[in-house]
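Presented below is the structure to which this report refers.
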Number of protein chains: 2
Amino acid sequence: MKIGPKYLLVKNFLKESIQQGKFKVGDFLPSEHELCSRFSVTRTTTRKALDELIKEGYIEKQQGKGSRVKERRKSLGLLTVKGFSEAVGKNVNTIFLTKPQIGEWKEEIIFPVKKEDKDAQCIFFERLRCVNSLPVMLERNWLPVTILQGFTDRQFVDESFFKTLSQEYLIEITGSKQEIRAEYADDKIAEILSVERNSPVLHISVLFSTNHRKLTIYSELFCNTRDFPVGNQYFM
Amino acid sequence: MKIGPKYLLVKNFLKESIQQGKFKVGDFLPSEHELCSRFSVTRTTTRKALDELIKEGYIEKQQGKGSRVKERRKSLGLLTVKGFSEAVGKNVNTIFLTKPQIGEWKEEIIFPVKKEDKDAQCIFFERLRCVNSLPVMLERNWLPVTILQGFTDRQFVDESFFKTLSQEYLIEITGSKQEIRAEYADDKIAEILSVERNSPVLHISVLFSTNHRKLTIYSELFCNTRDFPVGNQYFM
DNA sequence: TAGTGGTCTAGACCACGGT
DNA sequence: CCGTGGTCTAGACCACTAG
């Protein structure tokens, strides 16, 4: 039984409590001093745990008051289809074209697949995102099965892939790299997105890095941006 | 004379040294212990300083080796043409199609022009970015003349619009909002980007906010992504 | 083995928010 | 005033990297 650093104990306790709703958005966490005595650690350790939760966007601190659970930001500087973020759960729905299953690595998802990943089995799934029942975005994902045992049998939490990773496997996205092109829709993409062949579509390739060395996620998106442009906001 | 926390002393010393090129990309900073004795602080303090530099993207650490100066992310979550960031100053050049001058507001730059901006005079300029002498991106910018007196007569610092704003007017970009579409190139765009008419091109609309309430910048980019995709990196 | 960063202890004093 | 988080000290031991 391997036991990691103590601050992870504190961090994971808090994180799981938040994810399970024991602390809700706006609630204050126990004070640093209380966490110290509850876990028999010093403030350095407690603060390291809280620092990580801040970095991951779970909480915010306020001097003189405490640490409060925050609305989780999920933008990650990522591109999102306009309408998806604004109309969350409204007229948006997601259809699995291919459920998570053991599949094949695609040779090049623009970003070359790492050798260590290629040596592992590949989980593949494919989803179609619709707004008002109109197909808007095709999403394809490839990831190594390595540390995700049982993933193919699992239901997604709230239909969200990232939420599932976070809550079921304690995996957080730590970064991303994207490449974007405007391309002609080929026959298959045109059919899926209900556009004419050779229409211009947005092709986005994404490489996600996570807090697990071994887990890199490869994604590919095709978007019909005629009615729903892809957007991105950033605040300093 | 107000003096802040000690870790800022260490942090700012390192940050300025990096910015002034005293530590170059790839260089190792002095070790934590050395910084401790040089500034007469403990490791907690030194590490706090280094933590902030990591968060700001200046350095990265490696256990057993040291802290190394990193390629600075300047992305702002913004999209940049791949090749522009990698081949900085190499085979990249910028041509003014329209020098900064008083011009007309375009009715809709996808983002509606604020009324207060519309009431002010408009500075417009248009640049073509090339890689290996091939046109890759057309950039159009609109901004109110309000606080930028003399801007039309000014030379850009290092050919950079943002550097000019920062160094000559102390204006920093504080946020951005983007919308991205894949479109057919119309006649004019096709000619400028040297692509066939109706080729798919990337159309990016950007709204920049700055540390001056009165200054919002409206931009529009058209990219030929066949050879040079547009990219975006993000680190937490 | 020497040097680096990673984790941790057991304190201390200060700045801020609310009573 | 008290309780909160913010900063800081002076140590310690561990894990990783490289010669």
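The way I read the labels, and the way they are meant: chains A, B, ... in the order of the structure tokens, residue 1 as the first residue of every chain, and ligand 1 as the first ligand shown, with later ones counted on from there.
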Any chance you could dump chain A, least-squares fitted to chain B on all C-alpha atoms in order, as a PDB file with C-alpha atoms, in the first residue's frame?
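Saved the output as result-v9.pdb:
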```pdb
ATOM      1  CA  MET A   1       3.117  58.333  -6.523  1.00  0.00           C
ATOM      2  CA  LYS A   2       1.100  55.224  -6.093  1.00  0.00           C
ATOM      3  CA  ILE A   3       2.950  52.122  -5.057  1.00  0.00           C
ATOM      4  CA  GLY A   4       1.306  48.767  -5.474  1.00  0.00           C
ATOM      5  CA  PRO A   5       1.844  45.486  -3.698  1.00  0.00           C
ATOM      6  CA  LYS A   6       5.418  44.481  -2.976  1.00  0.00           C
ATOM      7  CA  TYR A   7       5.238  41.227  -4.876  1.00  0.00           C
ATOM      8  CA  LEU A   8       4.847  43.234  -8.042  1.00  0.00           C
ATOM      9  CA  LEU A   9       8.206  44.820  -7.375  1.00  0.00           C
ATOM     10  CA  VAL A  10       9.840  41.417  -7.291  1.00  0.00           C
ATOM     11  CA  LYS A  11       7.774  40.116 -10.189  1.00  0.00           C
ATOM     12  CA  ASN A  12       8.464  43.061 -12.455  1.00  0.00           C
ATOM     13  CA  PHE A  13      12.153  43.070 -11.623  1.00  0.00           C
ATOM     14  CA  LEU A  14      12.400  39.437 -12.679  1.00  0.00           C
ATOM     15  CA  LYS A  15      10.130  39.813 -15.660  1.00  0.00           C
ATOM     16  CA  GLU A  16      12.018  42.770 -17.031  1.00  0.00           C
ATOM     17  CA  SER A  17      15.316  41.026 -16.439  1.00  0.00           C
ATOM     18  CA  ILE A  18      14.067  38.060 -18.429  1.00  0.00           C
ATOM     19  CA  GLN A  19      12.656  40.197 -21.213  1.00  0.00           C
ATOM     20  CA  GLN A  20      15.886  42.168 -21.427  1.00  0.00           C
ATOM     21  CA  GLY A  21      17.843  38.949 -21.610  1.00  0.00           C
ATOM     22  CA  LYS A  22      19.622  39.312 -18.294  1.00  0.00           C
ATOM     23  CA  PHE A  23      18.295  35.864 -17.540  1.00  0.00           C
ATOM     24  CA  LYS A  24      18.231  33.698 -20.617  1.00  0.00           C
ATOM     25  CA  VAL A  25      16.170  30.622 -21.347  1.00  0.00           C
ATOM     26  CA  GLY A  26      17.520  27.819 -19.171  1.00  0.00           C
ATOM     27  CA  ASP A  27      19.123  30.133 -16.617  1.00  0.00           C
ATOM     28  CA  PHE A  28      18.228  29.799 -12.980  1.00  0.00           C
ATOM     29  CA  LEU A  29      16.806  32.807 -11.204  1.00  0.00           C
ATOM     30  CA  PRO A  30      18.174  33.759  -7.795  1.00  0.00           C
ATOM     31  CA  SER A  31      16.806  31.427  -5.147  1.00  0.00           C
ATOM     32  CA  GLU A  32      13.676  32.355  -3.232  1.00  0.00           C
ATOM     33  CA  HIS A  33      15.696  33.033  -0.106  1.00  0.00           C
ATOM     34  CA  GLU A  34      18.057  35.300  -1.933  1.00  0.00           C
ATOM     35  CA  LEU A  35      15.218  37.250  -3.506  1.00  0.00           C
ATOM     36  CA  CYS A  36      13.726  37.577  -0.038  1.00  0.00           C
ATOM     37  CA  SER A  37      16.801  39.211   1.393  1.00  0.00           C
ATOM     38  CA  ARG A  38      17.490  41.266  -1.710  1.00  0.00           C
ATOM     39  CA  PHE A  39      14.028  42.825  -1.604  1.00  0.00           C
ATOM     40  CA  SER A  40      13.528  42.608   2.149  1.00  0.00           C
ATOM     41  CA  VAL A  41      10.373  40.582   1.873  1.00  0.00           C
ATOM     42  CA  THR A  42       9.217  37.222   3.163  1.00  0.00           C
ATOM     43  CA  ARG A  43       8.960  34.057   1.171  1.00  0.00           C
ATOM     44  CA  THR A  44       5.204  34.383   0.854  1.00  0.00           C
ATOM     45  CA  THR A  45       5.751  37.559  -1.123  1.00  0.00           C
ATOM     46  CA  THR A  46       8.560  36.171  -3.244  1.00  0.00           C
ATOM     47  CA  ARG A  47       6.586  33.049  -3.999  1.00  0.00           C
ATOM     48  CA  LYS A  48       3.550  35.078  -5.031  1.00  0.00           C
ATOM     49  CA  ALA A  49       5.768  36.874  -7.532  1.00  0.00           C
ATOM     50  CA  LEU A  50       7.178  33.611  -8.867  1.00  0.00           C
ATOM     51  CA  ASP A  51       3.704  32.078  -9.034  1.00  0.00           C
ATOM     52  CA  GLU A  52       2.583  34.828 -11.359  1.00  0.00           C
ATOM     53  CA  LEU A  53       5.595  34.376 -13.576  1.00  0.00           C
ATOM     54  CA  ILE A  54       4.780  30.689 -13.794  1.00  0.00           C
ATOM     55  CA  LYS A  55       1.193  31.469 -14.691  1.00  0.00           C
ATOM     56  CA  GLU A  56       2.406  33.818 -17.404  1.00  0.00           C
ATOM     57  CA  GLY A  57       4.702  31.126 -18.726  1.00  0.00           C
ATOM     58  CA  TYR A  58       8.032  32.795 -18.051  1.00  0.00           C
ATOM     59  CA  ILE A  59       9.550  30.307 -15.651  1.00  0.00           C
ATOM     60  CA  GLU A  60       9.192  26.817 -14.261  1.00  0.00           C
ATOM     61  CA  LYS A  61      10.206  25.557 -10.864  1.00  0.00           C
ATOM     62  CA  GLN A  62      11.862  22.366  -9.812  1.00  0.00           C
ATOM     63  CA  GLN A  63      12.017  21.287  -6.229  1.00  0.00           C
ATOM     64  CA  GLY A  64      15.558  20.964  -4.970  1.00  0.00           C
ATOM     65  CA  LYS A  65      16.981  22.862  -7.923  1.00  0.00           C
ATOM     66  CA  GLY A  66      15.451  26.230  -8.522  1.00  0.00           C
ATOM     67  CA  SER A  67      13.390  28.405 -10.828  1.00  0.00           C
ATOM     68  CA  ARG A  68      14.434  28.311 -14.411  1.00  0.00           C
ATOM     69  CA  VAL A  69      13.563  30.580 -17.313  1.00  0.00           C
ATOM     70  CA  LYS A  70      11.348  28.755 -19.758  1.00  0.00           C
ATOM     71  CA  GLU A  71      10.771  29.057 -23.462  1.00  0.00           C
ATOM     72  CA  ARG A  72       7.765  31.309 -23.510  1.00  0.00           C
ATOM     73  CA  ARG A  73       4.630  29.631 -24.707  1.00  0.00           C
ATOM     74  CA  LYS A  74       2.547  31.890 -26.776  1.00  0.00           C
ATOM     75  CA  SER A  75      -0.134  29.625 -28.072  1.00  0.00           C
ATOM     76  CA  LEU A  76      -2.737  30.833 -25.594  1.00  0.00           C
ATOM     77  CA  GLY A  77      -5.038  28.222 -27.028  1.00  0.00           C
ATOM     78  CA  LEU A  78      -5.227  30.426 -30.038  1.00  0.00           C
ATOM     79  CA  LEU A  79      -5.596  29.439 -33.581  1.00  0.00           C
ATOM     80  CA  THR A  80      -2.518  29.957 -35.635  1.00  0.00           C
ATOM     81  CA  VAL A  81      -1.909  29.513 -39.277  1.00  0.00           C
ATOM     82  CA  LYS A  82      -0.060  26.304 -39.846  1.00  0.00           C
ATOM     83  CA  GLY A  83       3.302  27.211 -41.166  1.00  0.00           C
ATOM     84  CA  PHE A  84       3.505  30.377 -39.095  1.00  0.00           C
ATOM     85  CA  SER A  85       4.494  28.528 -35.989  1.00  0.00           C
ATOM     86  CA  GLU A  86       6.634  26.023 -37.813  1.00  0.00           C
ATOM     87  CA  ALA A  87       8.369  28.372 -40.185  1.00  0.00           C
ATOM     88  CA  VAL A  88       8.933  31.229 -37.789  1.00  0.00           C
ATOM     89  CA  GLY A  89      11.068  33.839 -39.470  1.00  0.00           C
ATOM     90  CA  LYS A  90      11.720  31.594 -42.443  1.00  0.00           C
ATOM     91  CA  ASN A  91       9.476  32.233 -45.351  1.00  0.00           C
ATOM     92  CA  VAL A  92       6.998  34.211 -43.372  1.00  0.00           C
ATOM     93  CA  ASN A  93       6.624  37.921 -43.611  1.00  0.00           C
ATOM     94  CA  THR A  94       4.217  40.521 -42.435  1.00  0.00           C
ATOM     95  CA  ILE A  95       3.092  43.607 -44.337  1.00  0.00           C
ATOM     96  CA  PHE A  96       1.334  46.537 -42.744  1.00  0.00           C
ATOM     97  CA  LEU A  97      -1.633  47.487 -44.893  1.00  0.00           C
ATOM     98  CA  THR A  98      -2.541  50.106 -42.327  1.00  0.00           C
ATOM     99  CA  LYS A  99       0.003  51.195 -39.746  1.00  0.00           C
ATOM    100  CA  PRO A 100      -1.201  51.723 -36.183  1.00  0.00           C
ATOM    101  CA  GLN A 101      -3.169  54.954 -36.226  1.00  0.00           C
ATOM    102  CA  ILE A 102      -6.169  56.592 -34.712  1.00  0.00           C
ATOM    103  CA  GLY A 103      -9.164  55.204 -36.523  1.00  0.00           C
ATOM    104  CA  GLU A 104     -12.811  54.325 -36.191  1.00  0.00           C
ATOM    105  CA  TRP A 105     -14.423  51.574 -34.210  1.00  0.00           C
ATOM    106  CA  LYS A 106     -16.186  49.097 -36.423  1.00  0.00           C
ATOM    107  CA  GLU A 107     -19.747  48.758 -35.208  1.00  0.00           C
ATOM    108  CA  GLU A 108     -19.651  45.025 -34.700  1.00  0.00           C
ATOM    109  CA  ILE A 109     -16.528  42.939 -34.791  1.00  0.00           C
ATOM    110  CA  ILE A 110     -18.891  40.074 -34.087  1.00  0.00           C
ATOM    111  CA  PHE A 111     -18.189  40.756 -30.453  1.00  0.00           C
ATOM    112  CA  PRO A 112     -19.930  44.020 -29.588  1.00  0.00           C
ATOM    113  CA  VAL A 113     -17.597  46.863 -28.673  1.00  0.00           C
ATOM    114  CA  LYS A 114     -17.937  47.806 -25.012  1.00  0.00           C
ATOM    115  CA  LYS A 115     -19.389  51.216 -24.336  1.00  0.00           C
ATOM    116  CA  GLU A 116     -16.361  52.381 -22.384  1.00  0.00           C
ATOM    117  CA  ASP A 117     -14.178  51.440 -25.336  1.00  0.00           C
ATOM    118  CA  LYS A 118     -16.403  53.203 -27.813  1.00  0.00           C
ATOM    119  CA  ASP A 119     -16.082  56.367 -25.759  1.00  0.00           C
ATOM    120  CA  ALA A 120     -12.314  56.208 -26.119  1.00  0.00           C
ATOM    121  CA  GLN A 121     -10.292  56.811 -29.234  1.00  0.00           C
ATOM    122  CA  CYS A 122      -9.538  53.758 -31.294  1.00  0.00           C
ATOM    123  CA  ILE A 123      -6.201  52.504 -32.516  1.00  0.00           C
ATOM    124  CA  PHE A 124      -6.517  50.485 -35.679  1.00  0.00           C
ATOM    125  CA  PHE A 125      -3.999  48.529 -37.665  1.00  0.00           C
ATOM    126  CA  GLU A 126      -4.169  45.946 -40.363  1.00  0.00           C
ATOM    127  CA  ARG A 127      -1.517  43.444 -41.387  1.00  0.00           C
ATOM    128  CA  LEU A 128      -1.173  40.859 -44.074  1.00  0.00           C
ATOM    129  CA  ARG A 129       0.671  37.662 -43.225  1.00  0.00           C
ATOM    130  CA  CYS A 130       2.362  35.857 -46.040  1.00  0.00           C
ATOM    131  CA  VAL A 131       4.018  32.488 -46.404  1.00  0.00           C
ATOM    132  CA  ASN A 132       6.435  32.157 -49.304  1.00  0.00           C
ATOM    133  CA  SER A 133       5.252  35.598 -50.377  1.00  0.00           C
ATOM    134  CA  LEU A 134       1.703  34.288 -50.786  1.00  0.00           C
ATOM    135  CA  PRO A 135      -0.894  36.157 -48.762  1.00  0.00           C
ATOM    136  CA  VAL A 136      -2.457  33.807 -46.241  1.00  0.00           C
ATOM    137  CA  MET A 137      -4.026  35.833 -43.501  1.00  0.00           C
ATOM    138  CA  LEU A 138      -5.440  39.302 -43.138  1.00  0.00           C
ATOM    139  CA  GLU A 139      -5.450  40.567 -39.589  1.00  0.00           C
ATOM    140  CA  ARG A 140      -7.326  43.616 -38.328  1.00  0.00           C
ATOM    141  CA  ASN A 141      -7.006  44.959 -34.825  1.00  0.00           C
ATOM    142  CA  TRP A 142      -8.919  47.537 -32.842  1.00  0.00           C
ATOM    143  CA  LEU A 143      -8.012  48.706 -29.365  1.00  0.00           C
ATOM    144  CA  PRO A 144      -8.759  51.684 -27.144  1.00  0.00           C
ATOM    145  CA  VAL A 145      -5.978  54.218 -26.861  1.00  0.00           C
ATOM    146  CA  THR A 146      -6.606  54.621 -23.133  1.00  0.00           C
ATOM    147  CA  ILE A 147      -3.471  53.243 -21.530  1.00  0.00           C
ATOM    148  CA  LEU A 148      -1.376  52.958 -24.660  1.00  0.00           C
ATOM    149  CA  GLN A 149      -0.106  56.492 -25.030  1.00  0.00           C
ATOM    150  CA  GLY A 150       2.436  56.748 -27.815  1.00  0.00           C
ATOM    151  CA  PHE A 151       1.512  53.409 -29.307  1.00  0.00           C
ATOM    152  CA  THR A 152       0.983  54.738 -32.807  1.00  0.00           C
ATOM    153  CA  ASP A 153       4.520  56.107 -32.943  1.00  0.00           C
ATOM    154  CA  ARG A 154       6.146  52.977 -31.711  1.00  0.00           C
ATOM    155  CA  GLN A 155       7.984  50.289 -33.612  1.00  0.00           C
ATOM    156  CA  PHE A 156       6.879  46.743 -32.849  1.00  0.00           C
ATOM    157  CA  VAL A 157       9.346  44.576 -30.944  1.00  0.00           C
ATOM    158  CA  ASP A 158      10.394  41.740 -33.260  1.00  0.00           C
ATOM    159  CA  GLU A 159       7.386  42.541 -35.465  1.00  0.00           C
ATOM    160  CA  SER A 160       5.233  41.169 -32.670  1.00  0.00           C
ATOM    161  CA  PHE A 161       2.241  43.007 -31.318  1.00  0.00           C
ATOM    162  CA  PHE A 162       2.006  40.896 -28.165  1.00  0.00           C
ATOM    163  CA  LYS A 163       5.705  41.169 -27.448  1.00  0.00           C
ATOM    164  CA  THR A 164       5.420  44.923 -27.759  1.00  0.00           C
ATOM    165  CA  LEU A 165       2.536  45.022 -25.313  1.00  0.00           C
ATOM    166  CA  SER A 166       4.440  42.858 -22.883  1.00  0.00           C
ATOM    167  CA  GLN A 167       7.804  44.542 -23.035  1.00  0.00           C
ATOM    168  CA  GLU A 168       6.821  48.155 -23.503  1.00  0.00           C
ATOM    169  CA  TYR A 169       3.606  48.307 -21.491  1.00  0.00           C
ATOM    170  CA  LEU A 170       3.822  45.254 -19.201  1.00  0.00           C
ATOM    171  CA  ILE A 171       0.517  44.060 -20.575  1.00  0.00           C
ATOM    172  CA  GLU A 172      -0.167  40.343 -20.768  1.00  0.00           C
ATOM    173  CA  ILE A 173      -2.942  38.523 -22.537  1.00  0.00           C
ATOM    174  CA  THR A 174      -4.973  36.701 -19.925  1.00  0.00           C
ATOM    175  CA  GLY A 175      -7.669  35.171 -22.035  1.00  0.00           C
ATOM    176  CA  SER A 176      -9.380  35.027 -25.362  1.00  0.00           C
ATOM    177  CA  LYS A 177     -12.714  34.296 -26.903  1.00  0.00           C
ATOM    178  CA  GLN A 178     -13.041  33.340 -30.533  1.00  0.00           C
ATOM    179  CA  GLU A 179     -15.743  32.811 -33.076  1.00  0.00           C
ATOM    180  CA  ILE A 180     -15.086  31.126 -36.334  1.00  0.00           C
ATOM    181  CA  ARG A 181     -17.097  31.049 -39.507  1.00  0.00           C
ATOM    182  CA  ALA A 182     -16.649  29.849 -43.028  1.00  0.00           C
ATOM    183  CA  GLU A 183     -17.703  32.616 -45.393  1.00  0.00           C
ATOM    184  CA  TYR A 184     -17.600  33.638 -48.997  1.00  0.00           C
ATOM    185  CA  ALA A 185     -14.763  36.056 -49.717  1.00  0.00           C
ATOM    186  CA  ASP A 186     -16.144  39.455 -50.679  1.00  0.00           C
ATOM    187  CA  ASP A 187     -14.407  41.547 -53.343  1.00  0.00           C
ATOM    188  CA  LYS A 188     -12.039  43.267 -50.985  1.00  0.00           C
ATOM    189  CA  ILE A 189     -10.984  40.173 -49.070  1.00  0.00           C
ATOM    190  CA  ALA A 190     -10.663  38.202 -52.288  1.00  0.00           C
ATOM    191  CA  GLU A 191      -8.335  40.801 -53.702  1.00  0.00           C
ATOM    192  CA  ILE A 192      -6.170  41.060 -50.617  1.00  0.00           C
ATOM    193  CA  LEU A 193      -5.878  37.289 -50.204  1.00  0.00           C
ATOM    194  CA  SER A 194      -5.501  36.703 -53.957  1.00  0.00           C
ATOM    195  CA  VAL A 195      -8.371  34.270 -54.179  1.00  0.00           C
ATOM    196  CA  GLU A 196     -11.382  34.205 -56.423  1.00  0.00           C
ATOM    197  CA  ARG A 197     -14.429  36.095 -55.384  1.00  0.00           C
ATOM    198  CA  ASN A 198     -16.799  33.890 -53.353  1.00  0.00           C
ATOM    199  CA  SER A 199     -14.079  31.447 -52.414  1.00  0.00           C
ATOM    200  CA  PRO A 200     -14.588  29.971 -48.977  1.00  0.00           C
ATOM    201  CA  VAL A 201     -12.453  31.780 -46.406  1.00  0.00           C
ATOM    202  CA  LEU A 202     -12.134  31.436 -42.687  1.00  0.00           C
ATOM    203  CA  HIS A 203     -13.356  34.385 -40.686  1.00  0.00           C
ATOM    204  CA  ILE A 204     -12.154  34.442 -37.078  1.00  0.00           C
ATOM    205  CA  SER A 205     -13.212  37.061 -34.572  1.00  0.00           C
ATOM    206  CA  VAL A 206     -11.182  37.330 -31.412  1.00  0.00           C
ATOM    207  CA  LEU A 207     -11.658  39.183 -28.168  1.00  0.00           C
ATOM    208  CA  PHE A 208      -8.530  39.333 -26.037  1.00  0.00           C
ATOM    209  CA  SER A 209      -8.662  40.196 -22.387  1.00  0.00           C
ATOM    210  CA  THR A 210      -5.539  41.421 -20.630  1.00  0.00           C
ATOM    211  CA  ASN A 211      -4.228  42.006 -17.149  1.00  0.00           C
ATOM    212  CA  HIS A 212      -5.373  45.614 -17.486  1.00  0.00           C
ATOM    213  CA  ARG A 213      -9.058  46.049 -16.823  1.00  0.00           C
ATOM    214  CA  LYS A 214      -9.238  48.817 -19.329  1.00  0.00           C
ATOM    215  CA  LEU A 215      -7.639  47.026 -22.234  1.00  0.00           C
ATOM    216  CA  THR A 216      -9.626  44.682 -24.411  1.00  0.00           C
ATOM    217  CA  ILE A 217      -8.376  43.948 -27.885  1.00  0.00           C
ATOM    218  CA  TYR A 218     -10.712  43.244 -30.767  1.00  0.00           C
ATOM    219  CA  SER A 219      -9.350  41.353 -33.731  1.00  0.00           C
ATOM    220  CA  GLU A 220     -10.619  39.932 -36.935  1.00  0.00           C
ATOM    221  CA  LEU A 221      -8.797  37.482 -39.162  1.00  0.00           C
ATOM    222  CA  PHE A 222      -9.510  36.298 -42.669  1.00  0.00           C
ATOM    223  CA  CYS A 223      -7.610  33.244 -43.815  1.00  0.00           C
ATOM    224  CA  ASN A 224      -7.171  31.492 -47.083  1.00  0.00           C
ATOM    225  CA  THR A 225      -7.028  27.943 -45.794  1.00  0.00           C
ATOM    226  CA  ARG A 226      -6.662  26.195 -49.120  1.00  0.00           C
ATOM    227  CA  ASP A 227      -2.926  25.828 -48.799  1.00  0.00           C
ATOM    228  CA  PHE A 228      -2.377  26.737 -45.168  1.00  0.00           C
ATOM    229  CA  PRO A 229      -4.996  25.433 -42.789  1.00  0.00           C
ATOM    230  CA  VAL A 230      -5.372  27.043 -39.402  1.00  0.00           C
ATOM    231  CA  GLY A 231      -4.314  24.903 -36.491  1.00  0.00           C
ATOM    232  CA  ASN A 232      -4.510  24.641 -32.772  1.00  0.00           C
ATOM    233  CA  GLN A 233      -2.793  22.418 -30.282  1.00  0.00           C
ATOM    234  CA  TYR A 234      -3.597  21.801 -26.701  1.00  0.00           C
ATOM    235  CA  PHE A 235      -1.842  19.809 -24.029  1.00  0.00           C
ATOM    236  CA  MET A 236      -3.093  19.263 -20.520  1.00  0.00           C
TER     237      MET A 236
END
```
Sorted per-residue table, chain C near chain A, closest atoms and distance, 9 Å, only C-alpha atoms (C1' of nucleotides), as a Markdown table:
```
| residue | atom | partner | partner_atom | distance |
| --- | --- | --- | --- | --- |
| C:DT7 | C1' | A:Pro5 | CA | 6.9 |
| C:DC8 | C1' | A:Thr45 | CA | 7.0 |
| C:DT9 | C1' | A:Thr42 | CA | 6.7 |
| C:DA10 | C1' | A:Thr42 | CA | 7.7 |
| C:DA15 | C1' | A:Gln63 | CA | 8.1 |
| C:DC16 | C1' | A:Gly64 | CA | 4.8 |
| C:DG17 | C1' | A:Gly64 | CA | 5.0 |
| C:DG18 | C1' | A:Gly64 | CA | 8.7 |
```
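Coordinates place C1' of DG6 (chain C) at a distance of 27.8 Å from C1' of DT4 (chain D).
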Distance-based interface of chain D with chain A, 10 Å, counting only C-alpha atoms (C1' of nucleotides), as an NGL selection string: :D and (3-6)
Residues of the last selection are to be written out with C-alpha atoms (C1' of nucleotides), as a PDB file, in the first residue's frame.
```pdb
ATOM      1  C1'  DG D   3     -11.326  34.153  13.951  1.00  0.00           C
ATOM      2  C1'  DT D   4      -9.955  34.034   9.334  1.00  0.00           C
ATOM      3  C1'  DG D   5      -6.281  33.701   5.858  1.00  0.00           C
ATOM      4  C1'  DG D   6      -1.277  35.807   4.532  1.00  0.00           C
TER       5       DG D   6
END
```
query: So how many Å separate C1' of DT7 (chain D) and C1' of DC14 (chain C), to one decimal?
result: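 Calculated distance between C1' of DT7 (chain D) and C1' of DC14 (chain C) is 7.7 Å.
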task: From region 144-210 of chain A, collect each residue whose DSSP state is alpha helix (DSSP H) and return the set as a ChimeraX atom specification.
output: /A:161-169,187-193
message: Going by DSSP on the backbone, which residues of region 65-216 of chain A come out as strand (DSSP E or B)? List them as an MDAnalysis selection string.
response: chainID A and resid 66:69 80:81 92:103 108:109 111:112 122:131 134:144 157 160 173:184 200:210 216
task: Go ahead and compute the interatomic distance for C1' of DG11 (chain C) and C1' of DA12 (chain D), in Å to one decimal.
output: 14.2 Å
